Amino acid sequence: MRRAAGDASAGAPLADTFGRVHRDLRVSLTDRCSLRCTYCMPEQGNEWLARESILSLDEIERVARVAATAGITTFRLTGGEPLLRRDIVEVVRRLAAIRTPHGPVEIAMTTNGIRLPEVLPDLVDAGLGRLNISIDTLDRERFAALTRRDRLDDVLEGIAAAAASGLRPLKLNAVAMRGVNDDELVDLVAFAIEHGAQMRFIEQMPLDAGHTWDRTQMVTRDEILAALAARWELAPVPGRGGAPAERWMIDGGPETVGVIASVTAPFCGDCDRLRLTADGQLRNCLFSTTEYDLVPVLRGGGTDDDVDRMLHACVHGKLAGHAIDDPSFLQPARGMNAIGG
């Protein structure tokens, strides 16, 4: 028997063998994107997921309801670029309607912002609660070289729309890259402050489809903080919990800046996230080389209890950490666009 659609009272917590309880599910809606960032995917020759393999709206909602039963409280919609999904507003509406014994779930999204001016009012009306927007550079030529698309104005318009929407906290993400944008770190923080947003810098990770990541070319957490400390006084913000970003107060606040240092200062010990790829694979770590295939369950007559068992099996198989610095580390076969951010 399938559980009733609105029943979120059953199901054991998603706790792994290290005691980490999982409350965040990253849901990738597509592997396609309107940009071609060099650290993510090639400009040409991408092998996209077959359309028939992409989970339907009903399938996404079903997994989300079972996940909420098991304690997931936040769904972050990712890609690729989630705004390329034609039914994106309805995805948000359906997921935002899910209730748990402790109240409604939270719906967040990571996007490049290009379609935000067009769809943001409908997304907010549907129940979107938080936004992260990617912006690696404010320089037009650099943006075109980095993303292989001349779309900086569109991204800036999307950020302006988000700033005007009242969605808070609003976060801007930038991958810090040596010789690319490492001289813009202060400018990016100032830009975020002007838009009522928190700037977050991300250490470049081995998730490019071409497997060209070079650790020596990565701008580290300490380098990022040193560059910012030359301009502002930084004070650590306590109470990080399971959040991926460490935060620092800027000149006493209230503005803050964040750093996601997955390579040099991993936060695996407090990780509470799972991922669902656009083609129905559960992943317990961004860098995992193992996936748990939900498609046979969803399309082969499986019950909600079967979905629940898959979620728990995925969590149970989670390792202590990603071990990027271990000589045995293997980069995932999928690129970031296919895994979901």
# chains A, B, ... in the order shown; residues from 1 in each chain; ligands from 1

$ residues_around --residues "Val21 in chain A" --least-positions-apart "6" --cutoff "6 Å" --atoms "only C-alpha atoms" --output "ChimeraX atom specification"
/A:14-15,272

$ write_last_selection --atoms "C-alpha atoms" --output "compact mmCIF listing (two decimals), in the first residue's frame"
# COMPACT_ATOMS: atom_id res chain seq x y z
CA LEU A 14 17.56 9.52 7.76
CA ALA A 15 20.52 8.93 10.06
CA ASP A 272 23.09 16.69 6.34

$ select_by_dssp --residues "range 134-210 of chain A" --states "helix (DSSP H, G or I)" --output "ChimeraX atom specification"
/A:140-147,152-165,185-194

$ atom_distance --atom1 "CA of Thr256 in chain A" --atom2 "CA of Leu170 in chain A"
11.5 Å

$ residues_around --residues "range 102-111 of chain A" --least-positions-apart "6" --cutoff "8 Å" --atoms "only C-alpha atoms" --output "ChimeraX atom specification"
/A:68,72-79,81-83,92,95-96,127-134,341

$ write_last_selection --atoms "N, CA and C atoms" --output "compact mmCIF listing (two decimals), in the first residue's frame"
# COMPACT_ATOMS: atom_id res chain seq x y z
N ALA A 68 10.14 13.82 2.95
CA ALA A 68 9.64 14.65 4.04
C ALA A 68 9.15 13.78 5.19
N ILE A 72 13.22 15.05 5.89
CA ILE A 72 13.76 16.12 5.04
C ILE A 72 12.89 17.36 5.21
N THR A 73 13.51 18.50 5.48
CA THR A 73 12.76 19.74 5.70
C THR A 73 13.08 20.82 4.66
N THR A 74 14.17 20.64 3.90
CA THR A 74 14.54 21.62 2.88
C THR A 74 14.78 20.92 1.55
N PHE A 75 14.17 21.45 0.52
CA PHE A 75 14.42 20.98 -0.84
C PHE A 75 15.06 22.11 -1.61
N ARG A 76 16.27 21.87 -2.11
CA ARG A 76 16.95 22.87 -2.93
C ARG A 76 16.92 22.40 -4.38
N LEU A 77 16.35 23.22 -5.26
CA LEU A 77 16.23 22.90 -6.67
C LEU A 77 17.48 23.37 -7.40
N THR A 78 18.10 22.46 -8.15
CA THR A 78 19.36 22.75 -8.81
C THR A 78 19.34 22.23 -10.24
N GLY A 79 20.47 22.31 -10.90
CA GLY A 79 20.65 21.78 -12.24
C GLY A 79 22.12 21.41 -12.40
N GLU A 81 20.68 24.20 -15.04
CA GLU A 81 19.97 25.43 -14.72
C GLU A 81 18.50 25.11 -14.51
N PRO A 82 18.02 25.13 -13.25
CA PRO A 82 16.65 24.71 -12.96
C PRO A 82 15.59 25.55 -13.66
N LEU A 83 15.88 26.81 -13.97
CA LEU A 83 14.88 27.65 -14.61
C LEU A 83 14.64 27.28 -16.07
N VAL A 92 7.85 24.02 -7.92
CA VAL A 92 7.91 24.75 -6.66
C VAL A 92 6.58 24.68 -5.92
N LEU A 95 6.02 21.11 -4.38
CA LEU A 95 6.89 20.80 -3.25
C LEU A 95 6.60 21.69 -2.05
N ALA A 96 6.27 22.95 -2.31
CA ALA A 96 5.97 23.88 -1.21
C ALA A 96 4.70 23.48 -0.47
N GLY A 127 5.69 29.61 -3.73
CA GLY A 127 6.23 29.18 -2.45
C GLY A 127 7.75 29.13 -2.35
N LEU A 128 8.46 29.66 -3.35
CA LEU A 128 9.91 29.71 -3.25
C LEU A 128 10.32 30.58 -2.06
N GLY A 129 11.25 30.07 -1.26
CA GLY A 129 11.63 30.79 -0.05
C GLY A 129 13.00 31.43 -0.08
N ARG A 130 13.95 30.81 -0.80
CA ARG A 130 15.33 31.32 -0.79
C ARG A 130 15.96 31.14 -2.16
N LEU A 131 16.94 32.01 -2.45
CA LEU A 131 17.64 31.97 -3.74
C LEU A 131 19.14 32.07 -3.53
N ASN A 132 19.89 31.26 -4.28
CA ASN A 132 21.33 31.43 -4.46
C ASN A 132 21.57 31.68 -5.94
N ILE A 133 22.31 32.74 -6.27
CA ILE A 133 22.56 33.08 -7.67
C ILE A 133 24.07 33.07 -7.91
N SER A 134 24.48 32.42 -8.98
CA SER A 134 25.91 32.32 -9.31
C SER A 134 26.37 33.54 -10.09
N GLY A 341 23.92 20.91 -8.17
CA GLY A 341 24.74 21.67 -7.23
C GLY A 341 24.29 21.54 -5.79

$ closest_residue --among "A:Ala12, A:Leu84, A:Leu55, A:Leu228" --to "Arg299 in chain A" --atoms "only C-alpha atoms"
A:Leu55
